[in-house]
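One file, run_5.cif, is given below (mmCIF, N, CA and C atoms).
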data_coords
loop_
_atom_site.label_atom_id
_atom_site.label_comp_id
_atom_site.auth_asym_id
_atom_site.auth_seq_id
_atom_site.Cartn_x
_atom_site.Cartn_y
_atom_site.Cartn_z
N MET A 1 113.85 0.02 -5.52
CA MET A 1 114.59 -1.17 -5.89
C MET A 1 113.98 -2.38 -5.18
N LYS A 2 113.75 -3.42 -5.91
CA LYS A 2 113.23 -4.67 -5.36
C LYS A 2 114.37 -5.38 -4.63
N THR A 3 114.11 -5.89 -3.45
CA THR A 3 115.16 -6.59 -2.71
C THR A 3 115.29 -8.04 -3.19
N LEU A 4 116.44 -8.62 -2.98
CA LEU A 4 116.65 -10.02 -3.36
C LEU A 4 115.67 -10.92 -2.63
N CYS A 5 115.28 -10.52 -1.45
CA CYS A 5 114.34 -11.30 -0.64
C CYS A 5 112.99 -11.45 -1.34
N ASP A 6 112.65 -10.49 -2.20
CA ASP A 6 111.36 -10.50 -2.88
C ASP A 6 111.39 -11.15 -4.26
N TYR A 7 112.55 -11.56 -4.74
CA TYR A 7 112.64 -12.15 -6.07
C TYR A 7 112.02 -13.53 -6.11
N SER A 8 111.22 -13.79 -7.12
CA SER A 8 110.64 -15.11 -7.34
C SER A 8 111.58 -15.91 -8.26
N LYS A 9 111.29 -17.17 -8.48
CA LYS A 9 112.11 -17.98 -9.39
C LYS A 9 112.14 -17.37 -10.78
N LYS A 10 111.00 -16.87 -11.23
CA LYS A 10 110.94 -16.24 -12.56
C LYS A 10 111.79 -14.98 -12.60
N ASP A 11 111.74 -14.19 -11.54
CA ASP A 11 112.56 -12.97 -11.47
C ASP A 11 114.05 -13.33 -11.54
N ILE A 12 114.43 -14.37 -10.83
CA ILE A 12 115.83 -14.80 -10.81
C ILE A 12 116.27 -15.21 -12.20
N GLU A 13 115.46 -15.96 -12.90
CA GLU A 13 115.80 -16.37 -14.27
C GLU A 13 115.89 -15.17 -15.20
N LYS A 14 114.99 -14.23 -15.03
CA LYS A 14 114.91 -13.06 -15.90
C LYS A 14 116.05 -12.08 -15.66
N HIS A 15 116.50 -11.95 -14.42
CA HIS A 15 117.50 -10.94 -14.05
C HIS A 15 118.78 -11.56 -13.50
N HIS A 16 119.17 -12.71 -14.00
CA HIS A 16 120.30 -13.42 -13.41
C HIS A 16 121.62 -12.64 -13.48
N LYS A 17 121.85 -11.87 -14.51
CA LYS A 17 123.10 -11.08 -14.60
C LYS A 17 123.13 -9.98 -13.54
N LYS A 18 122.01 -9.31 -13.32
CA LYS A 18 121.92 -8.27 -12.31
C LYS A 18 122.12 -8.87 -10.92
N ILE A 19 121.50 -10.01 -10.67
CA ILE A 19 121.62 -10.68 -9.38
C ILE A 19 123.06 -11.15 -9.16
N ALA A 20 123.69 -11.69 -10.18
CA ALA A 20 125.07 -12.15 -10.06
C ALA A 20 125.98 -11.00 -9.65
N ALA A 21 125.76 -9.81 -10.19
CA ALA A 21 126.56 -8.64 -9.83
C ALA A 21 126.31 -8.24 -8.37
N LEU A 22 125.10 -8.39 -7.89
CA LEU A 22 124.76 -8.02 -6.51
C LEU A 22 125.32 -8.99 -5.48
N VAL A 23 125.46 -10.24 -5.84
CA VAL A 23 125.91 -11.23 -4.86
C VAL A 23 127.41 -11.51 -4.94
N ASN A 24 128.07 -10.92 -5.93
CA ASN A 24 129.52 -11.06 -6.05
C ASN A 24 130.19 -10.27 -4.93
N ASP A 25 131.04 -10.91 -4.15
CA ASP A 25 131.76 -10.28 -3.03
C ASP A 25 130.79 -9.65 -2.03
N PRO A 26 129.94 -10.45 -1.39
CA PRO A 26 128.93 -9.90 -0.47
C PRO A 26 129.53 -9.24 0.76
N LYS A 27 128.89 -8.15 1.17
CA LYS A 27 129.30 -7.39 2.37
C LYS A 27 128.19 -7.41 3.43
N TYR A 28 126.97 -7.80 3.02
CA TYR A 28 125.80 -7.78 3.91
C TYR A 28 125.05 -9.10 3.80
N ILE A 29 124.39 -9.47 4.89
CA ILE A 29 123.55 -10.66 4.91
C ILE A 29 122.17 -10.25 5.46
N CYS A 30 121.12 -10.81 4.91
CA CYS A 30 119.77 -10.49 5.35
C CYS A 30 119.45 -11.29 6.61
N GLU A 31 118.99 -10.59 7.63
CA GLU A 31 118.62 -11.25 8.88
C GLU A 31 117.32 -12.04 8.74
N LYS A 32 116.54 -11.74 7.71
CA LYS A 32 115.25 -12.41 7.51
C LYS A 32 115.40 -13.74 6.76
N CYS A 33 116.16 -13.72 5.67
CA CYS A 33 116.21 -14.92 4.81
C CYS A 33 117.61 -15.45 4.54
N ALA A 34 118.64 -14.80 5.09
CA ALA A 34 120.03 -15.22 4.98
C ALA A 34 120.62 -15.08 3.57
N ARG A 35 119.98 -14.30 2.72
CA ARG A 35 120.60 -14.00 1.42
C ARG A 35 121.72 -13.00 1.65
N ALA A 36 122.71 -12.99 0.75
CA ALA A 36 123.86 -12.09 0.90
C ALA A 36 124.01 -11.23 -0.35
N ALA A 37 124.51 -10.01 -0.16
CA ALA A 37 124.70 -9.08 -1.28
C ALA A 37 125.80 -8.07 -0.94
N ASN A 38 126.31 -7.41 -1.98
CA ASN A 38 127.33 -6.39 -1.75
C ASN A 38 126.74 -5.00 -1.57
N ASP A 39 125.43 -4.86 -1.73
CA ASP A 39 124.73 -3.57 -1.54
C ASP A 39 123.60 -3.79 -0.53
N LYS A 40 123.62 -3.04 0.56
CA LYS A 40 122.60 -3.27 1.60
C LYS A 40 121.20 -2.93 1.13
N LYS A 41 121.07 -2.13 0.09
CA LYS A 41 119.75 -1.80 -0.46
C LYS A 41 119.10 -2.99 -1.16
N ALA A 42 119.88 -4.02 -1.45
CA ALA A 42 119.37 -5.21 -2.13
C ALA A 42 118.72 -6.20 -1.17
N LEU A 43 118.80 -5.91 0.14
CA LEU A 43 118.26 -6.82 1.15
C LEU A 43 117.24 -6.10 2.02
N CYS A 44 116.25 -6.83 2.53
CA CYS A 44 115.20 -6.19 3.33
C CYS A 44 115.64 -5.91 4.77
N LYS A 45 116.48 -6.77 5.35
CA LYS A 45 116.99 -6.55 6.71
C LYS A 45 118.50 -6.80 6.72
N PRO A 46 119.27 -5.89 6.09
CA PRO A 46 120.71 -6.11 5.96
C PRO A 46 121.46 -5.97 7.28
N ASN A 47 122.48 -6.79 7.40
CA ASN A 47 123.39 -6.72 8.55
C ASN A 47 124.80 -6.92 7.98
N LYS A 48 125.71 -6.01 8.30
CA LYS A 48 127.07 -6.07 7.75
C LYS A 48 127.76 -7.35 8.19
N ILE A 49 128.40 -8.02 7.23
CA ILE A 49 129.16 -9.22 7.51
C ILE A 49 130.48 -8.78 8.13
N LYS A 50 130.79 -9.31 9.29
CA LYS A 50 132.01 -8.93 10.00
C LYS A 50 133.17 -9.79 9.55
N ASP A 51 134.31 -9.15 9.34
CA ASP A 51 135.53 -9.88 8.99
C ASP A 51 136.05 -10.58 10.24
N GLU A 52 136.53 -11.79 10.04
CA GLU A 52 137.07 -12.53 11.19
C GLU A 52 138.55 -12.40 11.22
#
Take the structure in this file and express it as structure tokens.
Amino acid sequence: MKTLCDYSKKDIEKHHKKIAALVNDPKYICEKCARAANDKKALCKPNKIKDE
């Protein structure tokens, strides 16, 4: 699976529905690029978002 961190602008345009599903209700944030997703496999360096 390609991580969100590796998506180019063209990839984002081409796969916007898939990306929208991955970023809906995020549970993880990438320590490398600060992108967020609900599946840690979608990020290259995921870190669980802590509830406050």
For the file shown, what are the residues hit by the PyMOL selection byres (((chain A and resi 44 and name CA) around 8) and name CA), laid out as a ChimeraX atom specification?
-> /A:3-5,30,32,41-43,45-46
Let me see the file: selected residues, N, CA and C atoms, as a short mmCIF file (atom, residue, chain, number, x, y, z; two decimals), in the coordinates of the input.
data_model
loop_
_atom_site.label_atom_id
_atom_site.label_comp_id
_atom_site.auth_asym_id
_atom_site.auth_seq_id
_atom_site.Cartn_x
_atom_site.Cartn_y
_atom_site.Cartn_z
N THR A 3 114.11 -5.89 -3.45
CA THR A 3 115.16 -6.59 -2.71
C THR A 3 115.29 -8.04 -3.19
N LEU A 4 116.44 -8.62 -2.98
CA LEU A 4 116.65 -10.02 -3.36
C LEU A 4 115.67 -10.92 -2.63
N CYS A 5 115.28 -10.52 -1.45
CA CYS A 5 114.34 -11.30 -0.64
C CYS A 5 112.99 -11.45 -1.34
N CYS A 30 121.12 -10.81 4.91
CA CYS A 30 119.77 -10.49 5.35
C CYS A 30 119.45 -11.29 6.61
N LYS A 32 116.54 -11.74 7.71
CA LYS A 32 115.25 -12.41 7.51
C LYS A 32 115.40 -13.74 6.76
N LYS A 41 121.07 -2.13 0.09
CA LYS A 41 119.75 -1.80 -0.46
C LYS A 41 119.10 -2.99 -1.16
N ALA A 42 119.88 -4.02 -1.45
CA ALA A 42 119.37 -5.21 -2.13
C ALA A 42 118.72 -6.20 -1.17
N LEU A 43 118.80 -5.91 0.14
CA LEU A 43 118.26 -6.82 1.15
C LEU A 43 117.24 -6.10 2.02
N LYS A 45 116.48 -6.77 5.35
CA LYS A 45 116.99 -6.55 6.71
C LYS A 45 118.50 -6.80 6.72
N PRO A 46 119.27 -5.89 6.09
CA PRO A 46 120.71 -6.11 5.96
C PRO A 46 121.46 -5.97 7.28
#
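Every protein or nucleic acid residue with an atom no more than 6 Å from Ala36 (chain A), counting all atoms listed in the file and leaving out same-chain residues fewer than 2 positions away, appears here: Leu22, Val23, Pro26, Lys27, Tyr28, Ile29, Cys30, Ala34 and Asn38 of chain A.
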Go ahead and dump the residues you just picked, N, CA and C atoms, as a short mmCIF file (atom, residue, chain, number, x, y, z; two decimals), in the frame of the given file.
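Dumped everything to selection_17.cif:
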data_model
loop_
_atom_site.label_atom_id
_atom_site.label_comp_id
_atom_site.auth_asym_id
_atom_site.auth_seq_id
_atom_site.Cartn_x
_atom_site.Cartn_y
_atom_site.Cartn_z
N LEU A 22 125.10 -8.39 -7.89
CA LEU A 22 124.76 -8.02 -6.51
C LEU A 22 125.32 -8.99 -5.48
N VAL A 23 125.46 -10.24 -5.84
CA VAL A 23 125.91 -11.23 -4.86
C VAL A 23 127.41 -11.51 -4.94
N PRO A 26 129.94 -10.45 -1.39
CA PRO A 26 128.93 -9.90 -0.47
C PRO A 26 129.53 -9.24 0.76
N LYS A 27 128.89 -8.15 1.17
CA LYS A 27 129.30 -7.39 2.37
C LYS A 27 128.19 -7.41 3.43
N TYR A 28 126.97 -7.80 3.02
CA TYR A 28 125.80 -7.78 3.91
C TYR A 28 125.05 -9.10 3.80
N ILE A 29 124.39 -9.47 4.89
CA ILE A 29 123.55 -10.66 4.91
C ILE A 29 122.17 -10.25 5.46
N CYS A 30 121.12 -10.81 4.91
CA CYS A 30 119.77 -10.49 5.35
C CYS A 30 119.45 -11.29 6.61
N ALA A 34 118.64 -14.80 5.09
CA ALA A 34 120.03 -15.22 4.98
C ALA A 34 120.62 -15.08 3.57
N ASN A 38 126.31 -7.41 -1.98
CA ASN A 38 127.33 -6.39 -1.75
C ASN A 38 126.74 -5.00 -1.57
#
Helix (DSSP H, G or I) per DSSP on the backbone: members of chain A, as a PyMOL selection string = chain A and resi 4-6+9-14+16-23+40-42
Have a look at atom C of Asp11 (chain A) and CA of Asp51 (chain A) and let me know their distance in Å, one decimal.
-> 29.9 Å
